[in-house]
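J.: This structure is in structure tokens; I'll ask about it shortly.
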Amino acid sequence: MKIVAKTDKGKIRENNQDAYAVGELPGEVAWAVVCDGMGGYAGGDIASKLAVKVISEKITSCYNEKMRDSSIKNLLDSAITAANIEVYDMAYAHAKLSGMGTTVVCAIVRGDDVYIAYAGDSRAYIATKEELRQITTDHSFVQDLVNKGQLTPDEAEHHPNKNYITRAVGIEKQIDVDFVQDVLHDDDVLILCTDGLSNYVSREDLVKDLSDGQYYAFADRLVKRANSNGGGDNITVVAMAK
């Protein structure tokens, strides 16, 4: 498994509130987690880093090669739930951190199988040489309107409230975690990213930048693309390919 990753504060923000971690597990298994913090200058940074730390430790300490699909789902769910408790408790204990939280998208890739758990609007895509397929569904105000048929997907992409998310780690005592399982074929690329990428790089340009098979250039190339299109937010990209 080839893994590349990059994070950048972008061209507008004063600090980077994104965080990520990647790694490998026994049996040629790979994992990654990406978080996008929110809640003030310090709070977002703390929330995302704490969530990444808790989730990473949970995955690396609890995974074993004999896990069934349902067990991997439970592992990812429990990892995000543990992070939610940690972030919520820290925010509750420190008034200056009140309201901090973070989106999360995390993945385990084993053989052809991709296991994704997430909350918020950080995304997972699978890219082939011909198309880009989003495999997560944003937990956001505009996505709720799309689900209700009140907005089209194209209208949602340009809606002024598209960044209002409806679910995040650390905001409430409990969190609902969504899960999706998919397939990663040879030459496909799994992308995990924050909205600093998805809001500034079109799907067409994503496909173009991933189509030449130069795996180790993908993360750097996409971050540069987002910055060249304005870089209005922190940008984090993890690219995983077989």
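Letters A, B, ... go to the chains of the structure tokens in the order shown; residues in each chain start at 1; ligands are counted from 1 in the same order.
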Pull the closest atom pair for each residue of region 54-146 of chain A that gets at most 6 Å from region 174-195 of chain A, along with the distance in Å to one decimal, counting only C-alpha atoms, ordering rows by chain and then ascending residue number, as CSV.
T.:
```
residue,atom,partner,partner_atom,distance
A:Asp112,CA,A:Leu184,CA,5.0
A:Asp113,CA,A:Val183,CA,4.8
A:Val114,CA,A:Asp182,CA,5.1
A:Tyr115,CA,A:Gln181,CA,4.7
A:Ile116,CA,A:Val180,CA,5.2
A:Ala117,CA,A:Phe179,CA,4.4
A:Tyr118,CA,A:Asp178,CA,5.5
A:Ala119,CA,A:Val177,CA,5.8
A:Ser122,CA,A:Thr194,CA,4.4
A:Arg123,CA,A:Cys193,CA,5.5
A:Ala124,CA,A:Leu192,CA,4.5
A:Tyr125,CA,A:Ile191,CA,5.0
A:Ile126,CA,A:Leu190,CA,4.6
A:Ala127,CA,A:Val189,CA,5.1
A:Thr128,CA,A:Asp188,CA,4.9
```
J.: Check region 51-103 of chain A with DSSP on the backbone and list each residue it calls helix (DSSP H, G or I), as a ChimeraX atom specification.
T.: /A:51-62,69-93,95-97
J.: What's around Asp209 (chain A) at 10 Å? Count only C-alpha atoms, leave out sequence neighbours fewer than 2 positions away in its own chain, and write the answer as a PyMOL selection string.
T.: chain A and resi 129+203-207+211-214+217-219+221-222+225
J.: I'd like to know which of A:Ala82, A:Val237, A:Leu145, A:Val201 is closest to His159 (chain A), using only C-alpha atoms.
T.: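 Looking only at the distances to His159 (chain A), the closest residue turns out to be A:Leu145.
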J.: Determine, using only C-alpha atoms, which residues of region 88-109 of chain A have any atom at most 12 Å from an atom of region 69-77 of chain A, and tabulate each with its shortest atom pair and distance in Å to one decimal place, rows ordered by chain and then rising number, as CSV.
T.:
```
residue,atom,partner,partner_atom,distance
A:Val104,CA,A:Leu76,CA,11.1
A:Val105,CA,A:Leu76,CA,9.9
A:Cys106,CA,A:Leu76,CA,7.6
A:Ala107,CA,A:Leu76,CA,8.1
A:Ile108,CA,A:Ile72,CA,8.1
A:Val109,CA,A:Ile72,CA,10.3
```
J.: Keeping only all heavy atoms, write those residues as a JSON list (two decimals), in the first residue's frame.
T.:
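Below is the file out05.json, written as the result:
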```json
[["chain", "number", "residue", "atom", "x", "y", "z"],
["A", 104, "VAL", "N", -14.21, 14.41, 11.44],
["A", 104, "VAL", "CA", -13.30, 13.26, 11.36],
["A", 104, "VAL", "C", -13.71, 12.37, 10.19],
["A", 104, "VAL", "O", -14.90, 12.19, 9.92],
["A", 104, "VAL", "CB", -13.29, 12.45, 12.66],
["A", 104, "VAL", "CG1", -14.67, 11.88, 12.98],
["A", 104, "VAL", "CG2", -12.27, 11.32, 12.60],
["A", 105, "VAL", "N", -12.72, 11.86, 9.49],
["A", 105, "VAL", "CA", -12.92, 10.76, 8.56],
["A", 105, "VAL", "C", -11.73, 9.84, 8.73],
["A", 105, "VAL", "O", -10.58, 10.29, 8.72],
["A", 105, "VAL", "CB", -13.08, 11.24, 7.09],
["A", 105, "VAL", "CG1", -11.89, 12.05, 6.62],
["A", 105, "VAL", "CG2", -13.33, 10.06, 6.16],
["A", 106, "CYS", "N", -12.00, 8.55, 8.96],
["A", 106, "CYS", "CA", -10.90, 7.62, 9.16],
["A", 106, "CYS", "C", -11.16, 6.35, 8.35],
["A", 106, "CYS", "O", -12.31, 6.01, 8.06],
["A", 106, "CYS", "CB", -10.67, 7.30, 10.63],
["A", 106, "CYS", "SG", -12.09, 6.65, 11.53],
["A", 107, "ALA", "N", -10.07, 5.68, 8.00],
["A", 107, "ALA", "CA", -10.17, 4.54, 7.09],
["A", 107, "ALA", "C", -9.21, 3.43, 7.50],
["A", 107, "ALA", "O", -8.12, 3.69, 8.00],
["A", 107, "ALA", "CB", -9.85, 4.98, 5.67],
["A", 108, "ILE", "N", -9.65, 2.20, 7.26],
["A", 108, "ILE", "CA", -8.79, 1.03, 7.29],
["A", 108, "ILE", "C", -8.92, 0.36, 5.92],
["A", 108, "ILE", "O", -10.04, 0.15, 5.43],
["A", 108, "ILE", "CB", -9.17, 0.07, 8.42],
["A", 108, "ILE", "CG1", -8.84, 0.68, 9.79],
["A", 108, "ILE", "CG2", -8.45, -1.28, 8.26],
["A", 108, "ILE", "CD1", -9.27, -0.17, 10.97],
["A", 109, "VAL", "N", -7.79, 0.04, 5.30],
["A", 109, "VAL", "CA", -7.78, -0.63, 4.00],
["A", 109, "VAL", "C", -7.12, -1.98, 4.17],
["A", 109, "VAL", "O", -5.94, -2.07, 4.54],
["A", 109, "VAL", "CB", -7.03, 0.21, 2.94],
["A", 109, "VAL", "CG1", -7.09, -0.51, 1.58],
["A", 109, "VAL", "CG2", -7.64, 1.61, 2.82]]
```
J.: How many Å lie between CA of Ala32 (chain A) and CA of Ala239 (chain A), rounded to one decimal?
T.: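 Value for the CA of Ala32 (chain A)-CA of Ala239 (chain A) distance: 9.4 Å.
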J.: Give me the residues within 8 Å of Asn16 (chain A) as a PyMOL selection string, counting only C-alpha atoms and dropping any in the same chain fewer than 4 places off.
T.: chain A and resi 8-9+45+234
J.: I'd like the neighbourhood of region 50-62 of chain A as a short mmCIF file (atom, residue, chain, number, x, y, z; two decimals) with all heavy atoms, in the first residue's frame, where a residue qualifies if any of its atoms comes within 10 Å (using only C-alpha atoms), though same-chain residues fewer than 6 positions away should be ignored.
T.:
```
data_model
loop_
_atom_site.label_atom_id
_atom_site.label_comp_id
_atom_site.auth_asym_id
_atom_site.auth_seq_id
_atom_site.Cartn_x
_atom_site.Cartn_y
_atom_site.Cartn_z
N ASP A 18 -6.21 21.70 11.03
CA ASP A 18 -6.32 20.32 10.56
C ASP A 18 -5.27 19.46 11.25
O ASP A 18 -4.24 19.95 11.71
CB ASP A 18 -6.08 20.23 9.05
CG ASP A 18 -7.22 20.80 8.22
OD1 ASP A 18 -8.22 21.25 8.80
OD2 ASP A 18 -7.08 20.80 6.98
N ALA A 19 -5.53 18.15 11.28
CA ALA A 19 -4.55 17.19 11.79
C ALA A 19 -4.80 15.86 11.10
O ALA A 19 -5.93 15.56 10.68
CB ALA A 19 -4.65 17.05 13.30
N TYR A 20 -3.76 15.04 11.01
CA TYR A 20 -3.93 13.72 10.40
C TYR A 20 -2.87 12.77 10.93
O TYR A 20 -1.86 13.18 11.52
CB TYR A 20 -3.83 13.80 8.87
CG TYR A 20 -2.41 13.95 8.35
CD1 TYR A 20 -1.64 12.82 8.04
CD2 TYR A 20 -1.82 15.21 8.20
CE1 TYR A 20 -0.34 12.95 7.59
CE2 TYR A 20 -0.53 15.34 7.73
CZ TYR A 20 0.21 14.21 7.44
OH TYR A 20 1.51 14.34 7.01
N ALA A 21 -3.11 11.48 10.72
CA ALA A 21 -2.11 10.45 10.99
C ALA A 21 -2.36 9.29 10.03
O ALA A 21 -3.50 9.05 9.62
CB ALA A 21 -2.18 9.98 12.44
N VAL A 22 -1.30 8.59 9.67
CA VAL A 22 -1.40 7.41 8.81
C VAL A 22 -0.48 6.34 9.37
O VAL A 22 0.44 6.62 10.13
CB VAL A 22 -1.01 7.72 7.35
CG1 VAL A 22 -1.90 8.81 6.76
CG2 VAL A 22 0.46 8.15 7.25
N GLY A 23 -0.73 5.10 8.97
CA GLY A 23 0.14 4.03 9.42
C GLY A 23 -0.20 2.71 8.77
O GLY A 23 -1.14 2.60 7.96
N GLU A 24 0.58 1.69 9.12
CA GLU A 24 0.36 0.34 8.60
C GLU A 24 0.21 -0.63 9.75
O GLU A 24 0.75 -0.43 10.85
CB GLU A 24 1.52 -0.07 7.70
CG GLU A 24 1.62 0.77 6.43
CD GLU A 24 2.76 0.35 5.52
OE1 GLU A 24 3.87 0.09 6.05
OE2 GLU A 24 2.54 0.28 4.30
N LEU A 25 -0.52 -1.71 9.49
CA LEU A 25 -0.81 -2.73 10.48
C LEU A 25 -0.39 -4.09 9.92
O LEU A 25 -0.14 -4.22 8.71
CB LEU A 25 -2.32 -2.74 10.79
CG LEU A 25 -2.88 -1.45 11.41
CD1 LEU A 25 -4.40 -1.43 11.31
CD2 LEU A 25 -2.45 -1.33 12.87
N PRO A 26 -0.30 -5.11 10.76
CA PRO A 26 0.09 -6.43 10.26
C PRO A 26 -0.83 -6.92 9.14
O PRO A 26 -2.02 -6.62 9.13
CB PRO A 26 -0.04 -7.31 11.51
CG PRO A 26 0.15 -6.38 12.67
CD PRO A 26 -0.47 -5.09 12.23
N TRP A 31 -4.01 2.31 7.46
CA TRP A 31 -5.05 3.11 8.10
C TRP A 31 -4.70 4.58 8.01
O TRP A 31 -3.53 4.96 7.81
CB TRP A 31 -5.24 2.70 9.57
CG TRP A 31 -4.04 2.96 10.44
CD1 TRP A 31 -3.00 2.10 10.67
CD2 TRP A 31 -3.72 4.16 11.15
NE1 TRP A 31 -2.07 2.68 11.50
CE2 TRP A 31 -2.49 3.94 11.81
CE3 TRP A 31 -4.36 5.39 11.32
CZ2 TRP A 31 -1.87 4.92 12.61
CZ3 TRP A 31 -3.75 6.36 12.10
CH2 TRP A 31 -2.53 6.12 12.74
N ALA A 32 -5.71 5.42 8.16
CA ALA A 32 -5.51 6.87 8.15
C ALA A 32 -6.66 7.54 8.87
O ALA A 32 -7.78 7.02 8.91
CB ALA A 32 -5.40 7.40 6.73
N VAL A 33 -6.39 8.71 9.43
CA VAL A 33 -7.42 9.53 10.05
C VAL A 33 -7.14 10.99 9.73
O VAL A 33 -5.98 11.43 9.76
CB VAL A 33 -7.50 9.30 11.58
CG1 VAL A 33 -6.16 9.52 12.25
CG2 VAL A 33 -8.55 10.18 12.21
N VAL A 34 -8.17 11.74 9.38
CA VAL A 34 -8.08 13.16 9.04
C VAL A 34 -9.13 13.92 9.83
O VAL A 34 -10.30 13.52 9.86
CB VAL A 34 -8.29 13.38 7.53
CG1 VAL A 34 -8.43 14.88 7.22
CG2 VAL A 34 -7.15 12.77 6.72
N CYS A 35 -8.71 15.01 10.47
CA CYS A 35 -9.62 15.84 11.27
C CYS A 35 -9.47 17.31 10.91
O CYS A 35 -8.37 17.77 10.60
CB CYS A 35 -9.34 15.66 12.77
SG CYS A 35 -9.82 14.05 13.43
N ASP A 36 -10.57 18.03 11.00
CA ASP A 36 -10.62 19.47 10.72
C ASP A 36 -11.24 20.15 11.93
O ASP A 36 -12.45 20.06 12.16
CB ASP A 36 -11.45 19.71 9.45
CG ASP A 36 -11.57 21.18 9.08
OD1 ASP A 36 -11.05 22.04 9.82
OD2 ASP A 36 -12.18 21.47 8.04
N GLY A 37 -10.41 20.81 12.72
CA GLY A 37 -10.88 21.39 13.98
C GLY A 37 -11.63 22.69 13.81
O GLY A 37 -11.49 23.40 12.82
N GLY A 44 -9.81 24.72 17.97
CA GLY A 44 -9.86 23.82 16.82
C GLY A 44 -8.60 23.02 16.67
O GLY A 44 -8.64 21.82 16.38
N ILE A 72 -14.29 -4.60 12.49
CA ILE A 72 -13.59 -3.39 12.06
C ILE A 72 -14.52 -2.19 12.16
O ILE A 72 -14.10 -1.11 12.60
CB ILE A 72 -13.05 -3.57 10.63
CG1 ILE A 72 -11.97 -4.66 10.61
CG2 ILE A 72 -12.49 -2.25 10.10
CD1 ILE A 72 -11.42 -4.95 9.24
N LEU A 75 -14.62 -1.27 15.71
CA LEU A 75 -13.36 -0.64 16.12
C LEU A 75 -13.35 0.84 15.75
O LEU A 75 -13.00 1.70 16.58
CB LEU A 75 -12.19 -1.36 15.45
CG LEU A 75 -10.82 -0.69 15.55
CD1 LEU A 75 -10.41 -0.48 17.00
CD2 LEU A 75 -9.77 -1.49 14.79
N LEU A 76 -13.71 1.15 14.51
CA LEU A 76 -13.71 2.55 14.08
C LEU A 76 -14.75 3.36 14.84
O LEU A 76 -14.50 4.52 15.23
CB LEU A 76 -13.95 2.63 12.57
CG LEU A 76 -12.84 2.07 11.69
CD1 LEU A 76 -13.25 2.10 10.22
CD2 LEU A 76 -11.55 2.83 11.90
N ASP A 77 -15.92 2.77 15.06
CA ASP A 77 -16.97 3.45 15.82
C ASP A 77 -16.50 3.75 17.24
O ASP A 77 -16.66 4.87 17.75
CB ASP A 77 -18.22 2.60 15.84
CG ASP A 77 -19.40 3.31 16.48
OD1 ASP A 77 -19.44 3.36 17.73
OD2 ASP A 77 -20.28 3.81 15.76
N SER A 78 -15.89 2.78 17.88
CA SER A 78 -15.44 2.97 19.26
C SER A 78 -14.29 3.95 19.34
O SER A 78 -14.16 4.71 20.31
CB SER A 78 -15.05 1.63 19.89
OG SER A 78 -13.93 1.06 19.23
N ALA A 79 -13.44 3.99 18.30
CA ALA A 79 -12.33 4.95 18.28
C ALA A 79 -12.84 6.38 18.21
O ALA A 79 -12.37 7.28 18.94
CB ALA A 79 -11.41 4.65 17.10
N ILE A 80 -13.82 6.63 17.33
CA ILE A 80 -14.38 7.98 17.22
C ILE A 80 -15.18 8.34 18.48
O ILE A 80 -15.13 9.48 18.95
CB ILE A 80 -15.24 8.10 15.95
CG1 ILE A 80 -14.35 7.97 14.71
CG2 ILE A 80 -15.98 9.44 15.93
CD1 ILE A 80 -15.11 8.00 13.39
N THR A 81 -15.89 7.37 19.03
CA THR A 81 -16.63 7.62 20.27
C THR A 81 -15.69 7.98 21.40
O THR A 81 -15.97 8.90 22.20
CB THR A 81 -17.46 6.38 20.65
OG1 THR A 81 -18.41 6.12 19.60
CG2 THR A 81 -18.21 6.60 21.95
N ALA A 82 -14.55 7.28 21.50
CA ALA A 82 -13.57 7.61 22.53
C ALA A 82 -13.01 9.01 22.34
O ALA A 82 -12.82 9.76 23.31
CB ALA A 82 -12.44 6.57 22.51
N ALA A 83 -12.75 9.38 21.08
CA ALA A 83 -12.26 10.73 20.80
C ALA A 83 -13.30 11.77 21.17
O ALA A 83 -12.97 12.85 21.70
CB ALA A 83 -11.90 10.85 19.32
N ASN A 84 -14.57 11.47 20.91
CA ASN A 84 -15.64 12.41 21.26
C ASN A 84 -15.65 12.68 22.75
O ASN A 84 -15.79 13.84 23.19
CB ASN A 84 -16.98 11.83 20.81
CG ASN A 84 -18.12 12.82 20.96
OD1 ASN A 84 -18.23 13.76 20.19
ND2 ASN A 84 -18.97 12.62 21.96
N ILE A 85 -15.51 11.64 23.55
CA ILE A 85 -15.50 11.80 25.00
C ILE A 85 -14.33 12.67 25.44
O ILE A 85 -14.48 13.59 26.25
CB ILE A 85 -15.45 10.42 25.69
CG1 ILE A 85 -16.75 9.65 25.44
CG2 ILE A 85 -15.19 10.57 27.19
CD1 ILE A 85 -16.69 8.20 25.86
N GLU A 86 -13.15 12.40 24.89
CA GLU A 86 -11.95 13.14 25.28
C GLU A 86 -12.07 14.63 24.93
O GLU A 86 -11.75 15.51 25.73
CB GLU A 86 -10.72 12.54 24.60
CG GLU A 86 -10.36 11.14 25.06
CD GLU A 86 -9.53 11.13 26.32
OE1 GLU A 86 -9.18 12.21 26.83
OE2 GLU A 86 -9.22 10.03 26.81
N VAL A 87 -12.52 14.91 23.71
CA VAL A 87 -12.63 16.31 23.28
C VAL A 87 -13.72 17.02 24.07
O VAL A 87 -13.53 18.16 24.53
CB VAL A 87 -12.90 16.39 21.76
CG1 VAL A 87 -13.15 17.84 21.34
CG2 VAL A 87 -11.73 15.80 20.98
N MET A 90 -12.53 17.73 27.66
CA MET A 90 -11.54 18.80 27.73
C MET A 90 -12.20 20.17 27.55
O MET A 90 -11.87 21.14 28.25
CB MET A 90 -10.45 18.60 26.68
CG MET A 90 -9.37 19.68 26.72
SD MET A 90 -8.00 19.39 25.58
CE MET A 90 -7.13 18.09 26.46
N GLY A 101 -14.52 21.55 18.65
CA GLY A 101 -14.86 20.25 18.10
C GLY A 101 -14.05 20.01 16.84
O GLY A 101 -13.21 20.81 16.46
N THR A 102 -14.32 18.89 16.19
CA THR A 102 -13.59 18.58 14.97
C THR A 102 -14.38 17.59 14.11
O THR A 102 -15.07 16.72 14.64
CB THR A 102 -12.21 17.99 15.29
OG1 THR A 102 -11.50 17.71 14.07
CG2 THR A 102 -12.30 16.70 16.10
N THR A 103 -14.29 17.75 12.82
CA THR A 103 -14.78 16.71 11.92
C THR A 103 -13.80 15.55 11.98
O THR A 103 -12.67 15.68 12.45
CB THR A 103 -14.87 17.21 10.47
OG1 THR A 103 -13.55 17.42 9.95
CG2 THR A 103 -15.66 18.52 10.39
N VAL A 104 -14.21 14.41 11.44
CA VAL A 104 -13.30 13.26 11.36
C VAL A 104 -13.71 12.37 10.19
O VAL A 104 -14.90 12.19 9.92
CB VAL A 104 -13.29 12.45 12.66
CG1 VAL A 104 -14.67 11.88 12.98
CG2 VAL A 104 -12.27 11.32 12.60
N VAL A 105 -12.72 11.86 9.49
CA VAL A 105 -12.92 10.76 8.56
C VAL A 105 -11.73 9.84 8.73
O VAL A 105 -10.58 10.29 8.72
CB VAL A 105 -13.08 11.24 7.09
CG1 VAL A 105 -11.89 12.05 6.62
CG2 VAL A 105 -13.33 10.06 6.16
N CYS A 106 -12.00 8.55 8.96
CA CYS A 106 -10.90 7.62 9.16
C CYS A 106 -11.16 6.35 8.35
O CYS A 106 -12.31 6.01 8.06
CB CYS A 106 -10.67 7.30 10.63
SG CYS A 106 -12.09 6.65 11.53
N ALA A 107 -10.07 5.68 8.00
CA ALA A 107 -10.17 4.54 7.09
C ALA A 107 -9.21 3.43 7.50
O ALA A 107 -8.12 3.69 8.00
CB ALA A 107 -9.85 4.98 5.67
N ILE A 108 -9.65 2.20 7.26
CA ILE A 108 -8.79 1.03 7.29
C ILE A 108 -8.92 0.36 5.92
O ILE A 108 -10.04 0.15 5.43
CB ILE A 108 -9.17 0.07 8.42
CG1 ILE A 108 -8.84 0.68 9.79
CG2 ILE A 108 -8.45 -1.28 8.26
CD1 ILE A 108 -9.27 -0.17 10.97
N VAL A 169 -17.09 15.77 16.24
CA VAL A 169 -16.52 15.18 17.46
C VAL A 169 -16.38 16.26 18.53
O VAL A 169 -15.85 17.35 18.28
CB VAL A 169 -15.14 14.56 17.15
CG1 VAL A 169 -14.42 14.16 18.43
CG2 VAL A 169 -15.29 13.38 16.21
N GLY A 170 -16.89 15.97 19.72
CA GLY A 170 -16.66 16.83 20.88
C GLY A 170 -17.72 17.87 21.16
O GLY A 170 -17.66 18.55 22.17
#
```
J.: In Å, how far is it from CA of Ser98 (chain A) to CA of Asn15 (chain A)?
T.: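 Computing it gives 18.9 Å between the two atoms.
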J.: Of the candidates A:Ala241, A:Gly111, A:Met1, A:Leu197, which shows the shortest atom-to-atom distance to Asp220 (chain A), using only C-alpha atoms?
T.: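 Checking each of A:Ala241, A:Gly111, A:Met1, A:Leu197 against Asp220 (chain A), counting only C-alpha atoms, the winner is A:Leu197.
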J.: List every residue of region 1-210 of chain A that DSSP, applied to the backbone of this structure, places in strand (DSSP E), and write the result as a PDB file with C-alpha atoms, in the first residue's frame.
T.:
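Output file part28.pdb is given in full below:
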```pdb
ATOM      1  CA  LYS A   2       1.312   3.409  -0.998  1.00  0.00           C
ATOM      2  CA  ILE A   3       0.407   6.275   1.348  1.00  0.00           C
ATOM      3  CA  VAL A   4       1.181   9.969   0.929  1.00  0.00           C
ATOM      4  CA  ALA A   5      -0.167  12.861   2.966  1.00  0.00           C
ATOM      5  CA  LYS A   6       0.200  16.586   3.342  1.00  0.00           C
ATOM      6  CA  THR A   7      -1.373  19.373   5.381  1.00  0.00           C
ATOM      7  CA  ASP A   8      -1.089  23.106   4.789  1.00  0.00           C
ATOM      8  CA  ASP A  18      -6.318  20.319  10.561  1.00  0.00           C
ATOM      9  CA  ALA A  19      -4.549  17.189  11.787  1.00  0.00           C
ATOM     10  CA  TYR A  20      -3.926  13.722  10.396  1.00  0.00           C
ATOM     11  CA  ALA A  21      -2.106  10.448  10.987  1.00  0.00           C
ATOM     12  CA  VAL A  22      -1.400   7.414   8.811  1.00  0.00           C
ATOM     13  CA  GLY A  23       0.136   4.027   9.424  1.00  0.00           C
ATOM     14  CA  GLU A  24       0.364   0.344   8.602  1.00  0.00           C
ATOM     15  CA  LEU A  25      -0.813  -2.731  10.477  1.00  0.00           C
ATOM     16  CA  VAL A  29      -3.219  -3.292   6.190  1.00  0.00           C
ATOM     17  CA  ALA A  30      -3.151   0.517   6.097  1.00  0.00           C
ATOM     18  CA  TRP A  31      -5.053   3.108   8.101  1.00  0.00           C
ATOM     19  CA  ALA A  32      -5.508   6.866   8.151  1.00  0.00           C
ATOM     20  CA  VAL A  33      -7.424   9.531  10.049  1.00  0.00           C
ATOM     21  CA  VAL A  34      -8.075  13.159   9.039  1.00  0.00           C
ATOM     22  CA  CYS A  35      -9.623  15.836  11.268  1.00  0.00           C
ATOM     23  CA  ASP A  36     -10.622  19.469  10.716  1.00  0.00           C
ATOM     24  CA  GLY A  37     -10.875  21.390  13.982  1.00  0.00           C
ATOM     25  CA  MET A  38     -13.182  24.242  14.865  1.00  0.00           C
ATOM     26  CA  GLY A 101     -14.863  20.246  18.098  1.00  0.00           C
ATOM     27  CA  THR A 102     -13.591  18.576  14.968  1.00  0.00           C
ATOM     28  CA  THR A 103     -14.777  16.709  11.921  1.00  0.00           C
ATOM     29  CA  VAL A 104     -13.303  13.263  11.356  1.00  0.00           C
ATOM     30  CA  VAL A 105     -12.923  10.758   8.559  1.00  0.00           C
ATOM     31  CA  CYS A 106     -10.901   7.618   9.156  1.00  0.00           C
ATOM     32  CA  ALA A 107     -10.166   4.536   7.091  1.00  0.00           C
ATOM     33  CA  ILE A 108      -8.786   1.033   7.286  1.00  0.00           C
ATOM     34  CA  VAL A 109      -7.784  -0.625   3.999  1.00  0.00           C
ATOM     35  CA  ARG A 110      -7.388  -4.395   4.013  1.00  0.00           C
ATOM     36  CA  ASP A 113     -11.824  -3.714   1.229  1.00  0.00           C
ATOM     37  CA  VAL A 114     -12.100  -0.121   2.434  1.00  0.00           C
ATOM     38  CA  TYR A 115     -13.734   0.632   5.780  1.00  0.00           C
ATOM     39  CA  ILE A 116     -14.648   4.273   6.442  1.00  0.00           C
ATOM     40  CA  ALA A 117     -16.110   5.922   9.549  1.00  0.00           C
ATOM     41  CA  TYR A 118     -16.831   9.628   9.726  1.00  0.00           C
ATOM     42  CA  ALA A 119     -18.643  12.591  11.246  1.00  0.00           C
ATOM     43  CA  ARG A 123     -14.653  13.458   2.905  1.00  0.00           C
ATOM     44  CA  ALA A 124     -13.524  10.165   1.434  1.00  0.00           C
ATOM     45  CA  TYR A 125     -13.351   9.622  -2.320  1.00  0.00           C
ATOM     46  CA  ILE A 126     -12.340   6.708  -4.502  1.00  0.00           C
ATOM     47  CA  ALA A 127     -10.728   7.823  -7.738  1.00  0.00           C
ATOM     48  CA  LEU A 132     -14.192  10.302  -8.864  1.00  0.00           C
ATOM     49  CA  ARG A 133     -16.737   8.791  -6.494  1.00  0.00           C
ATOM     50  CA  GLN A 134     -17.528  10.378  -3.125  1.00  0.00           C
ATOM     51  CA  ASP A 178     -21.585   6.865  10.017  1.00  0.00           C
ATOM     52  CA  PHE A 179     -19.855   3.916   8.377  1.00  0.00           C
ATOM     53  CA  VAL A 180     -19.396   2.796   4.790  1.00  0.00           C
ATOM     54  CA  GLN A 181     -17.613  -0.193   3.279  1.00  0.00           C
ATOM     55  CA  ASP A 182     -16.367  -0.136  -0.296  1.00  0.00           C
ATOM     56  CA  VAL A 183     -13.869  -1.746  -2.667  1.00  0.00           C
ATOM     57  CA  VAL A 189      -6.839   5.815  -5.172  1.00  0.00           C
ATOM     58  CA  LEU A 190      -8.548   6.444  -1.842  1.00  0.00           C
ATOM     59  CA  ILE A 191      -8.546  10.127  -0.889  1.00  0.00           C
ATOM     60  CA  LEU A 192      -9.316  11.423   2.594  1.00  0.00           C
ATOM     61  CA  CYS A 193      -9.486  15.201   2.825  1.00  0.00           C
TER      62      CYS A 193
END
```
J.: Just give me the gap between CA of Lys224 (chain A) and CA of Ser202 (chain A) in Å, one decimal is fine.
T.: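 Between CA of Lys224 (chain A) and CA of Ser202 (chain A) the gap is 13.3 Å.
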J.: Write out as a ChimeraX atom specification which residues come within 10 Å of His139 (chain A) when counting only C-alpha atoms, dropping same-chain ones fewer than 2 positions away.
T.: /A:103,118-122,136-137,141-144,163-168,178
J.: Restricting the calculation to only C-alpha atoms, which member of A:Tyr215, A:Lys49, A:Asn227, A:His94 is positioned closest to Lys242 (chain A)?
T.: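 That would be A:Tyr215, the residue with the smallest distance to Lys242 (chain A).
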